[in-house]
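Okay, structure first, notes after.
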Amino acid sequence: MQHIKSVAFPMHLLFGCLLTFTAFSQDKDKFKFGKIDPKDFEKTKFELDTSAHAVVLADIGSSEFESERDHLEIRVKRTRRVKIVDKNGYDAATVEIYLSKNAQEEEKMISLKASSYNLENGKVVETKMESKSVFTDELSKNLIEKKFTLPAVKEGTIIEYTYTYSSPFYFHLEPWAFQGEYPRLWSEYSVTIPEFYDFIFLRQGYIPFEINGARQSDRRTYSLSYTPNGGAGRTEYTSISANTTTHRWAAKDVPALKEQAFTTTLNNHIAKVEFQLAAKRYPNSPIEPVMTTWPKLYETLMKDDEFGAALDKNNGYMGDVVESLTKDCTTDTAKARKIYNYVRQNFSCTEHSRLFMDKSLKTVFTSHNGSEADINLLLVAMLRKANLEANPVILSTRQHGITYEMYPLINKFNYTIASVNTQTGTYFMDASLSYLGFNKLDSRCYNGHARIISPAIPAVMFEADSLVEKKSTYVMLMGDSGVIKGSFQQRPSYFESCAIREKIKEKGKDEYFKPLAKEFGMETTISNGVIEDLDDHEVPVKLSYDFVMKPEADGILYINPMFMEAQRDNPFKSEERFYPVEMQNTYDETYTLNMTIPEGYEVDELPKPAIVQFNENDGVFQYLVQKSENQIQLRSRVKLNKATFAPAEYNSLRDFFDMIVKKQSEQIVLKKTK
């Protein structure tokens with residue numbers, strides 16, 4: 001692994017630079033550390049309007065480059081003021097600061113101060129945090145945590161802390177989040193970048209900015225030391241002047257961002273700015289690109305011993321197995337399917353979020369286990385051993401966050417699958433999940449942009465909108481001797497079928513059917529349970545069983561015609577949403593009921609039909625009911641044609657599901673005839 005070092009300017013380039021200096025000016029901070037006024041304890045708009053447990057009164061940070069001996073470092077400063085509203089907000093008084101390190105260098109804390117303020121008899125009383133209250137923990141070989149808890153915290157306390165640390169990692173400008181668990185009255189960040197570095201700004205979020213990337217240009221002088229004559233001489237000093245640009249962002253009255261149903265990861269939606277170093281441009285020197293290109297990333301990955309280096313080796317140890325699997329196959333697709341199913345069935349996955357291998361291909365092959373990257377890269381190697389055109393594919397799972405099609409940022413990816421090209425098409429496979437069929441991926445892989453690691457390194461899109469989950473259910477009911485008999489048949493959706501296969505694998509078929517009787521709403525027994533297509537992982541299973549319900553003998557029967565298939569709760573409970581709704585897939589669910597009215601009963605109440613279109617072509621809810629002599633037919637269909645909905649569509653989506661829940665809860669009421 002290559003170690004990253006801080007930048008040292010080539011000395012022969014420094015002497016050609018003019019020594020100039022211009023004072024650098026910047027707007028004053030919105031507030032000063034330690035200046036707390038009794039008015040600061042008054043209720044904020046968030047306390048008056050919502051149930052915020054803490055409110056960030058101000059959060060102000062900056063990053064700029066400073067001289068440090070023979071190189072430049074980044075100086076990061078942050079000052080934060082938070083009001084604790086109630087006991088549920090006490091967590092805001094515990095602060096963690098993370099510092100990076102490698103084998104040669106590390107980020108270092110320069111200063112840290114923290115205080116708590118309480119209003120007592122109309123006066124502000126300060127309690128300073130002692131330095132011994134700061135704990136340091138080495139979380140890993142690359143990460144250090146500084147952790148402390150503010151003293152004298154109670155409901156209504158204002159806490160404040162400020163710190164500065166230096167970072168030798170010039171390539172990593174500190175990102176900034178303008179949103180978080182608690183609302184923020186003011187959040188501001190500025191970065192000052194000398195002309196030596198070109199950074200790409202990656203901005204996201206849905207909130208308006210009071211200040212949006214405002215630029216202020218200046219010229220700054222950096223003093224650097226060096227030792228001439230190969231390090232044998234006395235340390236000397238020089239200065240270099242450079243144009244700098246300050247970028248500034250600020251947001252006001254930012255609401256808290258809380259996770260709601262159907263969210264990939266909040267990290268995709270939180271208002272923030274991140275930075276990626278694209279190039280270095282030292283004085284009197286050609287521009288040096290830093291950020292790679294997609295073709296160069298392909299070359300790097302295929303030379304990496306932990307990724308592609310072993311894929312094209314002879315790999316003779318797997319030859320007999322591959323030959324045995326494919327000897328009777330007449331097409332390349334059949335060969336690929338056979339090899340995939342072998343790996344899926346015979347290798348167990350130890351970790352499901354890896355981009356690189358943890359061990360060699362041969363070790364994975366002989367041990368029959370490994371991470372998802374281990375298993376899928378082995379699959380690629382075995383497919384290539386069969387002379388098939390197979391390649392790895394890198395992607396980011398939904399919970400990990402989005403990737404950028406324009407920028408080859410390898411840290412944005414966290415998952416490796418396999419692909420194969422045959423005469424019948426391109427197929428994508430993940431052999432680490434035993435329940436997935438050939439050319440099937442888990443829904444968490446449907447997160448947009450991914451890359452096939454082949455020479456052209458083409459982009460491929462796994463969109464949730466393209467993933468359709470279909471489900472059909474048929475129920476027949478009839479009365480007989482004081483009981484209601486019925487039959488149930490269903491083709492669950494593909495991913496429901498995957499879950500069923502896993503449950504049966506763990507507990508058996510009998511245990512699967514036992515809990516279902518409780519879902520009918522009255523005393524019920526189930527018999528003749530059958531599950532078909534369990535071993536065909538490329539299609540959904542088929543469920544069927546018979547049931548007998550014993551209604552209460554009070555002369556009236558209340559039957560929810562959809563039983564356990566009814567949508568019982570609206571998943572969209574919040575009254576507002578600030579980021580998109582991200583379902584894992586689109587879906588089309590159809591439920592059909594044919595009911596024979598029991599002898600001696602008549603219909604007292606029957607649900608009314610309804611048809612509701614959602615956003616014209618985005619979805620539909622049909623609830624059709626009709627009675628003919630002693631028969632009742634019901635058909636319910638819920639169809640959504642897309643999986644992702646903008647915040648502006650949230651209220652109408654919520655109303656749509658309200659209608660579904662209300663309608664599918666309606667009952668058929670039968671009463672005895674006189």
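Quick note on naming: the chains in the structure tokens go A, B, ... in the order shown, residues restart at 1 in each chain, and ligands are numbered from 1 in order of appearance.
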Region 249-386 of chain A: residues DSSP assigns to strand (DSSP E), reported as an MDAnalysis selection string: chainID A and resid 249:254 272:280 288:289 348:351 369:371
Could you please take those selected residues and save N, CA and C atoms as an mmCIF file, in the first residue's frame?
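The resulting again_1.cif:
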```cif
data_model
loop_
_atom_site.group_PDB
_atom_site.id
_atom_site.type_symbol
_atom_site.label_atom_id
_atom_site.label_comp_id
_atom_site.auth_asym_id
_atom_site.auth_seq_id
_atom_site.Cartn_x
_atom_site.Cartn_y
_atom_site.Cartn_z
ATOM 1 N N TRP A 249 -19.594 29.275 2.500
ATOM 2 C CA TRP A 249 -20.997 28.865 2.453
ATOM 3 C C TRP A 249 -21.613 29.075 3.831
ATOM 4 N N ALA A 250 -22.871 29.440 3.862
ATOM 5 C CA ALA A 250 -23.567 29.598 5.136
ATOM 6 C C ALA A 250 -25.043 29.303 4.936
ATOM 7 N N ALA A 251 -25.627 28.639 5.916
ATOM 8 C CA ALA A 251 -27.053 28.304 5.879
ATOM 9 C C ALA A 251 -27.699 28.756 7.183
ATOM 10 N N LYS A 252 -28.945 29.186 7.099
ATOM 11 C CA LYS A 252 -29.659 29.742 8.238
ATOM 12 C C LYS A 252 -30.933 28.943 8.502
ATOM 13 N N ASP A 253 -31.228 28.728 9.791
ATOM 14 C CA ASP A 253 -32.458 28.041 10.201
ATOM 15 C C ASP A 253 -32.626 26.717 9.468
ATOM 16 N N VAL A 254 -31.627 25.856 9.617
ATOM 17 C CA VAL A 254 -31.621 24.565 8.931
ATOM 18 C C VAL A 254 -32.343 23.530 9.793
ATOM 19 N N LYS A 272 -24.273 19.280 2.510
ATOM 20 C CA LYS A 272 -22.854 19.262 2.848
ATOM 21 C C LYS A 272 -22.034 19.636 1.625
ATOM 22 N N VAL A 273 -20.761 19.883 1.872
ATOM 23 C CA VAL A 273 -19.807 20.117 0.795
ATOM 24 C C VAL A 273 -18.579 19.255 1.070
ATOM 25 N N GLU A 274 -18.089 18.574 0.038
ATOM 26 C CA GLU A 274 -16.882 17.757 0.125
ATOM 27 C C GLU A 274 -15.911 18.216 -0.955
ATOM 28 N N PHE A 275 -14.670 17.764 -0.837
ATOM 29 C CA PHE A 275 -13.624 18.235 -1.746
ATOM 30 C C PHE A 275 -12.781 17.060 -2.231
ATOM 31 N N GLN A 276 -12.362 17.154 -3.466
ATOM 32 C CA GLN A 276 -11.479 16.141 -4.046
ATOM 33 C C GLN A 276 -10.365 16.850 -4.795
ATOM 34 N N LEU A 277 -9.099 16.582 -4.399
ATOM 35 C CA LEU A 277 -7.967 17.183 -5.085
ATOM 36 C C LEU A 277 -7.870 16.631 -6.504
ATOM 37 N N ALA A 278 -7.865 17.539 -7.483
ATOM 38 C CA ALA A 278 -7.827 17.128 -8.887
ATOM 39 C C ALA A 278 -6.440 17.274 -9.497
ATOM 40 N N ALA A 279 -5.702 18.338 -9.100
ATOM 41 C CA ALA A 279 -4.386 18.563 -9.715
ATOM 42 C C ALA A 279 -3.540 19.451 -8.818
ATOM 43 N N LYS A 280 -2.214 19.333 -8.992
ATOM 44 C CA LYS A 280 -1.263 20.220 -8.326
ATOM 45 C C LYS A 280 -0.588 21.067 -9.392
ATOM 46 N N GLU A 288 0.296 18.878 -12.553
ATOM 47 C CA GLU A 288 0.394 17.454 -12.218
ATOM 48 C C GLU A 288 -0.989 16.933 -11.820
ATOM 49 N N PRO A 289 -1.667 16.194 -12.704
ATOM 50 C CA PRO A 289 -2.985 15.649 -12.338
ATOM 51 C C PRO A 289 -2.863 14.693 -11.155
ATOM 52 N N SER A 348 -19.419 -19.970 1.179
ATOM 53 C CA SER A 348 -20.147 -19.167 2.165
ATOM 54 C C SER A 348 -19.462 -17.812 2.344
ATOM 55 N N CYS A 349 -20.283 -16.772 2.459
ATOM 56 C CA CYS A 349 -19.758 -15.405 2.550
ATOM 57 C C CYS A 349 -19.575 -14.986 4.000
ATOM 58 N N THR A 350 -18.426 -14.395 4.287
ATOM 59 C CA THR A 350 -18.108 -13.959 5.649
ATOM 60 C C THR A 350 -18.320 -12.465 5.857
ATOM 61 N N GLU A 351 -18.414 -11.704 4.757
ATOM 62 C CA GLU A 351 -18.620 -10.255 4.867
ATOM 63 C C GLU A 351 -19.214 -9.743 3.563
ATOM 64 N N ASN A 369 -14.799 -20.231 1.395
ATOM 65 C CA ASN A 369 -15.438 -19.083 2.037
ATOM 66 C C ASN A 369 -14.607 -17.830 1.794
ATOM 67 N N GLY A 370 -15.215 -16.703 2.054
ATOM 68 C CA GLY A 370 -14.533 -15.432 1.868
ATOM 69 C C GLY A 370 -15.534 -14.297 1.845
ATOM 70 N N SER A 371 -15.026 -13.108 1.683
ATOM 71 C CA SER A 371 -15.909 -11.948 1.591
ATOM 72 C C SER A 371 -16.636 -11.971 0.257
#
```
Glu96 (chain A) environment, 8 Å, only C-alpha atoms, sequence neighbours closer than 3 positions dropped, as an NGL selection string: :A and (145-148)
Neighbour list for Tyr591 (chain A) as a list in words, cut-off 9 Å, only C-alpha atoms, skip fewer than 4 positions in-chain: Lys471, Ser472, Thr473, Tyr474, Val475, Met562, Glu565, Leu634, Arg635, Ser636, Arg637 and Val638 of chain A
Close residues, region 660-669 of chain A itself excluded, 6 Å, only C-alpha atoms, min 5 positions apart in chain, as a PyMOL selection string: chain A and resi 557-560+566-568+604-606
Gly180 (chain A) environment, 12 Å, only C-alpha atoms, sequence neighbours closer than 4 positions dropped, as a VMD selection string: chain A and resid 52 54 to 56 59 92 176 184 to 185 187 205 254 to 259 266 to 267 269 to 272
Nearest residue to Ile453 (chain A) from the set A:Phe201, A:Trp294, A:Phe547, A:Tyr415 (distances using only C-alpha atoms): A:Trp294
Å distance separating CA of Val191 (chain A) from CA of Arg219 (chain A), one decimal place: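 Those two atoms sit 14.5 Å apart.
With only C-alpha atoms as the atoms that count, the residue of A:Glu64, A:Asp618, A:Asp374, A:Glu120 with the shortest distance to Asp430 (chain A) is A:Asp374.
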Within 9 Å of Pro598 (chain A) using only C-alpha atoms, minus same-chain residues under 5 positions, as a count of residues only: 9
Residues near Tyr404 (chain A), cut-off 12 Å, only C-alpha atoms, skip fewer than 2 positions along chain, as a list in words: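 Returned residues: Leu202, Arg203, Asn268, Gln276, Trp294, Leu395, Ser396, Gly401, Ile402, Met406, Tyr407, Pro408, Leu409, Ile410, Asn411, Lys412, Phe413, Asn447, Gly448, His449, Ala450, Arg451, Ala459 and Met461 of chain A.
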Take the residues from that selection and put them in a file with C-alpha atoms, as a PDB file, in the first residue's frame.
```
ATOM      1  CA  LEU A 202     -18.928  18.093  -4.387  1.00  0.00           C
ATOM      2  CA  ARG A 203     -22.051  19.783  -3.046  1.00  0.00           C
ATOM      3  CA  ASN A 268     -26.862  11.084   0.317  1.00  0.00           C
ATOM      4  CA  GLN A 276     -11.479  16.141  -4.046  1.00  0.00           C
ATOM      5  CA  TRP A 294     -11.526   5.754 -15.518  1.00  0.00           C
ATOM      6  CA  LEU A 395     -20.625  -0.443  -7.220  1.00  0.00           C
ATOM      7  CA  SER A 396     -21.803   1.265  -4.075  1.00  0.00           C
ATOM      8  CA  GLY A 401     -24.035   6.238  -0.724  1.00  0.00           C
ATOM      9  CA  ILE A 402     -23.956   7.405  -4.322  1.00  0.00           C
ATOM     10  CA  MET A 406     -17.859  12.044 -13.778  1.00  0.00           C
ATOM     11  CA  TYR A 407     -15.268  11.357 -11.092  1.00  0.00           C
ATOM     12  CA  PRO A 408     -13.408   8.025 -10.571  1.00  0.00           C
ATOM     13  CA  LEU A 409     -13.327   8.224  -6.774  1.00  0.00           C
ATOM     14  CA  ILE A 410     -12.562   4.688  -5.639  1.00  0.00           C
ATOM     15  CA  ASN A 411     -13.506   5.372  -2.001  1.00  0.00           C
ATOM     16  CA  LYS A 412     -17.101   5.920  -3.124  1.00  0.00           C
ATOM     17  CA  PHE A 413     -17.357   2.211  -4.063  1.00  0.00           C
ATOM     18  CA  ASN A 447     -28.076   2.356  -6.356  1.00  0.00           C
ATOM     19  CA  GLY A 448     -27.426   3.947  -9.741  1.00  0.00           C
ATOM     20  CA  HIS A 449     -23.997   4.306 -11.307  1.00  0.00           C
ATOM     21  CA  ALA A 450     -21.552   1.366 -11.322  1.00  0.00           C
ATOM     22  CA  ARG A 451     -18.526   0.397 -13.452  1.00  0.00           C
ATOM     23  CA  ALA A 459     -20.667   2.773 -16.843  1.00  0.00           C
ATOM     24  CA  MET A 461     -26.805   1.880 -14.174  1.00  0.00           C
TER      25      MET A 461
END
```
